[in-house]
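Remarks on the structure that follows.
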Amino acid sequence: MADRSFLDWPFFEHRHRALAHDIGRWADAHVDGLVDHEDIDGSCRALVRALGDAGFCAHAVIAPHGGLGDAHDVRALCLIRETLARRHGLADFAFAMQGLGSGPIVLHGSDALKGRYLPPVAAGTSLGAFALSEPDAGSDVAALAMTAERSGDDYVLNGVKTWISNGGIAGHYVVFARTGEGAGAKGLSAFVVPGDAAGLEIAERIDVIAPHPLATLKFTDCAVPGDHLLGEPGEGFKIAMATLDVFRSTVGAAALGLARRALDEALRHTASRKIGGRPLAGLQMVQAKIADMATAIDAAALLVYRAAWTKDQGAPRVSREAAMAKMFATEQAQSVIDDAVQLHGGLGVKVGSKVEELYREIRALRIYEGATDVQKLVIARAAQSASGKQARGGADVRKP
Ligand code: COS
């Protein structure tokens, strides 16, 4: 059982400790039975439905649209993600997309859009998706090419989105497209597109090393009602970034869950596996690895819950804190899991072993929702901006 002493840290309130207990019990009892490796789409639907029935998807949205409070509780999102990830990456993925895929609606939707799209997300009866990346625009969001043109009461969308999680099974997609109010980042807008909209097709399903539903979407003269615009025309980039400000810390939390499981597995294996008649756990070189793994996990947890707590205190922007949390937790989790594989010897690379699964699961987290390299840009800009501000007696310097 992974160390739970972090729940005593002052970042948490009583409701978070109760939630951690409840989601832990629920995950232990239900997750393994809901994952069918032969039917990934069906597993995601079943996981989301079960998480909705148990009340956990309510944390992905807000009141009075099926949620609990009037804003995301980022610490709650992180606790749910880390607990589900510790059990199985697909369970974490299924829950995560309910949050990311409805986040822009929570943050910038009209009451009508919130009322229509959020309750089914909370109930677990409909899946959400976040369609930002394109074949030629991943890290560089300002380079998006997909267009949305006003036509009477509608917007007409044309273009391609790729790497879209829940592509093909989502009830709605939040889609970012160029509306042309300005150049680059200033000319993008965000829309909610129903999953069954005419002109939206699944061009390709994408297989990845840790399978989850992923697709390329093609939009051909796909008309969405004008009232499905989120925020104002031209605000799409800021809506995307504000959403990622909330959810990047939760990616760090998922990495933390995977790392905690790797440490659990390593502790169990090294306690029972013998070398020269004695358990591996008694060797100092093994203990050194265990010490590094445990320390990396606590350091990552501190950054993740610092970012989540800061957002929950009402900070308007936590780009720096969220970027540090995501970057550090995902990179450290990769290293912790690699150590766990090493400690397992041949068993660590045997298909079907838990650490082999973790080794595949962690990799994408260092890439999606802003690769480590992008997080470094965000962190460096924040540091340089703060230093420039000091040097100029308060004037902000956003870019070097
Ligand atoms: N909240 C609100 N506004 C934000 C913001 C945030 N978190 N981050 C940036 N903005 C605003 C900026 O203030 C700026 O507004 P002004 O022009 O009015 O000052 C505007 O958005 C443009 O910001 P910036 O100049 O930093 O944009 P860049 O094009 O340089 O992009 C990076 C910066 C690379 C950090 C951004 O494109 C990014 O995060 N890319 C990764 C995208 C990603 O995560 N992709 C994965 C898809 S989801 S799986």
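By order of appearance in the structure tokens: chains A, B, ..., then residues from 1 within every chain, and ligands from 1 in the order shown.
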
Could you please write out, as a ChimeraX atom specification, every residue of range 130-302 of chain A that DSSP assigns to helix (DSSP H, G or I)? /A:141-143,184-187,226-228,236-272,280-282,284-302

With only C-alpha atoms and all ligand atoms counted, collect every polymer residue having an atom within 6 Å of ligand 1; state the result as a PyMOL selection string. chain A and resi 132-133+138-142+185+237-238+241-242+245+317+319+368-370+374+378

As a compact mmCIF listing (two decimals) with all heavy atoms, in the first residue's frame, please: the residues near range 339-356 of chain A (cut-off 7 Å, only C-alpha atoms, same-chain neighbours under 3 positions excluded).
# COMPACT_ATOMS: atom_id res chain seq x y z
N ALA A 262 4.47 2.00 -8.90
CA ALA A 262 5.77 1.40 -9.22
C ALA A 262 6.58 1.15 -7.94
O ALA A 262 7.22 0.10 -7.80
CB ALA A 262 6.54 2.31 -10.17
N LEU A 263 6.52 2.10 -7.03
CA LEU A 263 7.26 1.91 -5.76
C LEU A 263 6.65 0.75 -4.96
O LEU A 263 7.37 -0.08 -4.41
CB LEU A 263 7.24 3.21 -4.94
CG LEU A 263 7.94 3.15 -3.58
CD1 LEU A 263 9.40 2.74 -3.70
CD2 LEU A 263 7.85 4.51 -2.86
N ALA A 266 7.85 -2.38 -6.51
CA ALA A 266 9.28 -2.59 -6.25
C ALA A 266 9.50 -3.05 -4.81
O ALA A 266 10.32 -3.95 -4.55
CB ALA A 266 10.05 -1.30 -6.53
N HIS A 269 8.32 -6.70 -4.56
CA HIS A 269 9.20 -7.65 -5.24
C HIS A 269 10.53 -7.82 -4.51
O HIS A 269 11.00 -8.94 -4.30
CB HIS A 269 9.45 -7.17 -6.68
CG HIS A 269 10.37 -8.06 -7.44
ND1 HIS A 269 9.99 -9.31 -7.90
CD2 HIS A 269 11.67 -7.92 -7.79
CE1 HIS A 269 11.02 -9.89 -8.50
NE2 HIS A 269 12.06 -9.05 -8.45
N LYS A 289 18.21 2.83 -4.47
CA LYS A 289 17.17 3.07 -5.49
C LYS A 289 15.83 3.39 -4.83
O LYS A 289 15.12 4.31 -5.24
CB LYS A 289 17.02 1.82 -6.36
CG LYS A 289 17.78 1.86 -7.67
CD LYS A 289 17.19 0.85 -8.65
CE LYS A 289 17.99 0.67 -9.91
NZ LYS A 289 19.02 1.59 -10.25
N SER A 335 11.33 8.09 -14.32
CA SER A 335 12.55 7.56 -13.71
C SER A 335 12.24 6.54 -12.61
O SER A 335 12.89 5.49 -12.50
CB SER A 335 13.36 8.77 -13.20
OG SER A 335 14.18 8.43 -12.19
N VAL A 336 11.22 6.83 -11.80
CA VAL A 336 10.82 5.89 -10.73
C VAL A 336 10.38 4.56 -11.35
O VAL A 336 10.75 3.47 -10.88
CB VAL A 336 9.68 6.51 -9.88
CG1 VAL A 336 9.02 5.46 -8.99
CG2 VAL A 336 10.21 7.67 -9.05
N TYR A 359 5.38 1.17 -17.40
CA TYR A 359 6.44 1.69 -18.28
C TYR A 359 5.83 2.23 -19.58
O TYR A 359 6.27 3.26 -20.10
CB TYR A 359 7.44 0.56 -18.57
CG TYR A 359 8.73 1.00 -19.18
CD1 TYR A 359 9.68 1.67 -18.42
CD2 TYR A 359 9.03 0.73 -20.52
CE1 TYR A 359 10.89 2.06 -18.97
CE2 TYR A 359 10.22 1.12 -21.08
CZ TYR A 359 11.15 1.78 -20.30
OH TYR A 359 12.35 2.18 -20.85
N ARG A 360 4.78 1.56 -20.07
CA ARG A 360 4.11 2.05 -21.29
C ARG A 360 3.19 3.22 -20.96
O ARG A 360 3.06 4.17 -21.72
CB ARG A 360 3.32 0.91 -21.95
CG ARG A 360 4.23 -0.11 -22.63
CD ARG A 360 3.45 -1.21 -23.33
NE ARG A 360 2.77 -2.11 -22.41
CZ ARG A 360 1.46 -2.09 -22.15
NH1 ARG A 360 0.67 -1.24 -22.77
NH2 ARG A 360 0.92 -2.94 -21.30

Which polymer residues have any atom within 7 Å of an atom of Ala122 in chain A, counting only C-alpha atoms, with same-chain residues fewer than 6 positions away left out, as a compact mmCIF listing (two decimals) with all heavy atoms, in the first residue's frame?
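Listed below is the output, selection.txt:
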# COMPACT_ATOMS: atom_id res chain seq x y z
N GLY A 52 -19.47 7.93 -12.80
CA GLY A 52 -20.61 8.85 -12.70
C GLY A 52 -21.61 8.36 -11.67
O GLY A 52 -22.05 9.13 -10.80
N CYS A 57 -17.64 11.68 -11.08
CA CYS A 57 -17.59 12.58 -12.25
C CYS A 57 -18.14 13.97 -11.91
O CYS A 57 -17.89 14.93 -12.63
CB CYS A 57 -18.34 12.00 -13.45
SG CYS A 57 -17.48 10.60 -14.20
N ALA A 58 -18.89 14.06 -10.83
CA ALA A 58 -19.40 15.38 -10.40
C ALA A 58 -18.25 16.35 -10.18
O ALA A 58 -18.39 17.56 -10.38
CB ALA A 58 -20.21 15.23 -9.12
N ALA A 60 -15.77 16.75 -11.99
CA ALA A 60 -15.26 17.27 -13.27
C ALA A 60 -16.00 18.54 -13.68
O ALA A 60 -15.54 19.26 -14.56
CB ALA A 60 -15.40 16.21 -14.36
N VAL A 61 -17.17 18.81 -13.07
CA VAL A 61 -17.99 19.96 -13.48
C VAL A 61 -18.34 20.82 -12.26
O VAL A 61 -17.74 20.67 -11.20
CB VAL A 61 -19.26 19.48 -14.24
CG1 VAL A 61 -18.87 18.68 -15.48
CG2 VAL A 61 -20.17 18.67 -13.33
N GLY A 66 -24.70 19.59 -12.08
CA GLY A 66 -24.27 18.22 -11.76
C GLY A 66 -23.03 18.19 -10.88
O GLY A 66 -22.65 17.13 -10.38
N GLY A 67 -22.38 19.36 -10.69
CA GLY A 67 -21.16 19.41 -9.88
C GLY A 67 -21.43 19.81 -8.45
O GLY A 67 -22.58 19.99 -8.05

Which residue gives the smallest distance to Ala259 in chain A among A:Leu34, A:Ile337, A:Ala288, A:Ile275, with only C-alpha atoms counted?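 Nearest candidate to Ala259 in chain A out of A:Leu34, A:Ile337, A:Ala288, A:Ile275: A:Ile337.
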
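Nearest-residue note for Arg75 in chain A: choosing from A:Arg306, A:Arg278, A:His30, A:Arg4, the minimum distance belongs to A:Arg306, counting only C-alpha atoms.
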
Please provide as a ChimeraX atom specification all residues within 10 Å of Leu377 in chain A, with the sequence filter that same-chain residues fewer than 5 positions apart are discarded (counting only C-alpha atoms). /A:320,323,372,382-383

Let me make sure I understand: among A:Glu82, A:Asp8, A:Asp136, A:Asp227, which one has the smallest atom-to-atom distance to Asp153 in chain A if we use only C-alpha atoms?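 Answer, going by the shortest atom-to-atom distance: A:Asp227.
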
I need the strand (DSSP E) residues of range 13-218 of chain A per DSSP on the backbone, written as an MDAnalysis selection string. chainID A and resid 128:131 147:151 154:165 172:178 188:194 200:205 214:218

Between A:Leu68, A:Ala94, A:Ala307, A:Ala322, single out the one closest to Ala46 in chain A, counting only C-alpha atoms. A:Ala94

Rounded to one decimal in Å, what is the spacing between CA of Lys376 in chain A and CA of Ile80 in chain A?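 Value for the CA of Lys376 in chain A-CA of Ile80 in chain A distance: 26.1 Å.
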
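Using only C-alpha atoms, the smallest distance between any of A:Asp312, A:Glu361, A:Asp221, A:Asp196 and Ser151 in chain A comes from A:Asp221.
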
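From CA of Val35 in chain A back to CA of Phe56 in chain A, the distance works out to 17.5 Å.
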
With distances taken over only C-alpha atoms, which residue among A:Val251, A:Leu7, A:Ala240, A:Ala223 lies nearest Leu365 in chain A? A:Val251

Would you list the contacts of Ile239 in chain A as a PyMOL selection string, taking every protein, DNA or RNA residue within 10 Å and counting only C-alpha atoms, but skipping same-chain residues closer than 5 positions in sequence? chain A and resi 103-105+107-108+176+188-190+230-232+234+244-245

Deliver the residues from the most recent selection as a file, using N, CA and C atoms, as an mmCIF file, in the first residue's frame.
data_model
loop_
_atom_site.group_PDB
_atom_site.id
_atom_site.type_symbol
_atom_site.label_atom_id
_atom_site.label_comp_id
_atom_site.auth_asym_id
_atom_site.auth_seq_id
_atom_site.Cartn_x
_atom_site.Cartn_y
_atom_site.Cartn_z
ATOM 1 N N GLY A 103 -13.890 21.194 -19.417
ATOM 2 C CA GLY A 103 -13.279 22.347 -18.746
ATOM 3 C C GLY A 103 -13.587 23.686 -19.394
ATOM 4 N N PRO A 104 -13.424 23.807 -20.725
ATOM 5 C CA PRO A 104 -13.714 25.105 -21.344
ATOM 6 C C PRO A 104 -15.187 25.516 -21.201
ATOM 7 N N ILE A 105 -16.089 24.532 -21.139
ATOM 8 C CA ILE A 105 -17.519 24.860 -20.948
ATOM 9 C C ILE A 105 -17.722 25.358 -19.514
ATOM 10 N N LEU A 107 -15.531 26.841 -17.690
ATOM 11 C CA LEU A 107 -14.885 28.145 -17.494
ATOM 12 C C LEU A 107 -15.515 29.260 -18.319
ATOM 13 N N HIS A 108 -16.007 28.929 -19.534
ATOM 14 C CA HIS A 108 -16.443 30.005 -20.430
ATOM 15 C C HIS A 108 -17.778 29.758 -21.114
ATOM 16 N N PHE A 176 -11.077 24.056 -31.182
ATOM 17 C CA PHE A 176 -10.449 25.375 -31.328
ATOM 18 C C PHE A 176 -10.170 25.610 -32.809
ATOM 19 N N LEU A 188 -8.149 33.060 -32.686
ATOM 20 C CA LEU A 188 -8.734 31.732 -32.474
ATOM 21 C C LEU A 188 -9.997 31.827 -31.614
ATOM 22 N N SER A 189 -10.924 30.893 -31.853
ATOM 23 C CA SER A 189 -12.133 30.828 -31.023
ATOM 24 C C SER A 189 -12.398 29.375 -30.648
ATOM 25 N N ALA A 190 -13.222 29.185 -29.624
ATOM 26 C CA ALA A 190 -13.526 27.827 -29.137
ATOM 27 C C ALA A 190 -15.015 27.539 -29.307
ATOM 28 N N LEU A 230 -17.732 29.484 -27.333
ATOM 29 C CA LEU A 230 -17.388 29.684 -25.915
ATOM 30 C C LEU A 230 -16.714 31.040 -25.761
ATOM 31 N N GLY A 231 -17.162 31.827 -24.806
ATOM 32 C CA GLY A 231 -16.589 33.162 -24.618
ATOM 33 C C GLY A 231 -16.866 34.037 -25.837
ATOM 34 N N GLU A 232 -15.909 34.920 -26.129
ATOM 35 C CA GLU A 232 -16.071 35.846 -27.255
ATOM 36 C C GLU A 232 -15.217 35.379 -28.431
ATOM 37 N N GLY A 234 -12.271 35.219 -30.847
ATOM 38 C CA GLY A 234 -10.888 35.662 -30.642
ATOM 39 C C GLY A 234 -10.314 35.267 -29.288
ATOM 40 N N LEU A 244 -5.874 24.563 -19.593
ATOM 41 C CA LEU A 244 -4.658 23.792 -19.303
ATOM 42 C C LEU A 244 -4.064 24.196 -17.947
ATOM 43 N N ASP A 245 -4.272 25.446 -17.547
ATOM 44 C CA ASP A 245 -3.826 25.891 -16.216
ATOM 45 C C ASP A 245 -4.464 25.042 -15.112
#

Would you work out the distance separating CA of Thr147 in chain A from CA of Val246 in chain A, expressed in Å to one decimal? 26.1 Å

Gln287 in chain A surroundings by only C-alpha atoms, 12 Å radius, close-in-sequence under 4 positions cut, as a PDB file with C-alpha atoms, in the first residue's frame:
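What ended up in part.pdb:
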ATOM      1  CA  LEU A 263       7.258   1.910  -5.760  1.00  0.00           C
ATOM      2  CA  ALA A 266       9.278  -2.590  -6.247  1.00  0.00           C
ATOM      3  CA  LEU A 267       8.930  -2.840  -2.469  1.00  0.00           C
ATOM      4  CA  THR A 270      12.449  -6.797  -3.482  1.00  0.00           C
ATOM      5  CA  ALA A 271      11.055  -8.026  -0.152  1.00  0.00           C
ATOM      6  CA  PRO A 279      15.938 -10.735   0.071  1.00  0.00           C
ATOM      7  CA  LEU A 280      17.012  -8.130  -2.482  1.00  0.00           C
ATOM      8  CA  ALA A 281      15.597  -5.519  -0.109  1.00  0.00           C
ATOM      9  CA  GLY A 282      18.595  -5.961   2.204  1.00  0.00           C
ATOM     10  CA  LEU A 283      21.143  -4.827  -0.409  1.00  0.00           C
ATOM     11  CA  ALA A 291      15.356   5.984  -1.338  1.00  0.00           C
ATOM     12  CA  ASP A 292      15.602   7.905  -4.627  1.00  0.00           C
ATOM     13  CA  MET A 293      12.178   6.656  -5.730  1.00  0.00           C
ATOM     14  CA  ALA A 294      10.460   7.592  -2.455  1.00  0.00           C
ATOM     15  CA  ASP A 339      13.957   1.922 -11.527  1.00  0.00           C
ATOM     16  CA  LEU A 343      14.601  -3.964  -9.794  1.00  0.00           C
TER      17      LEU A 343
END
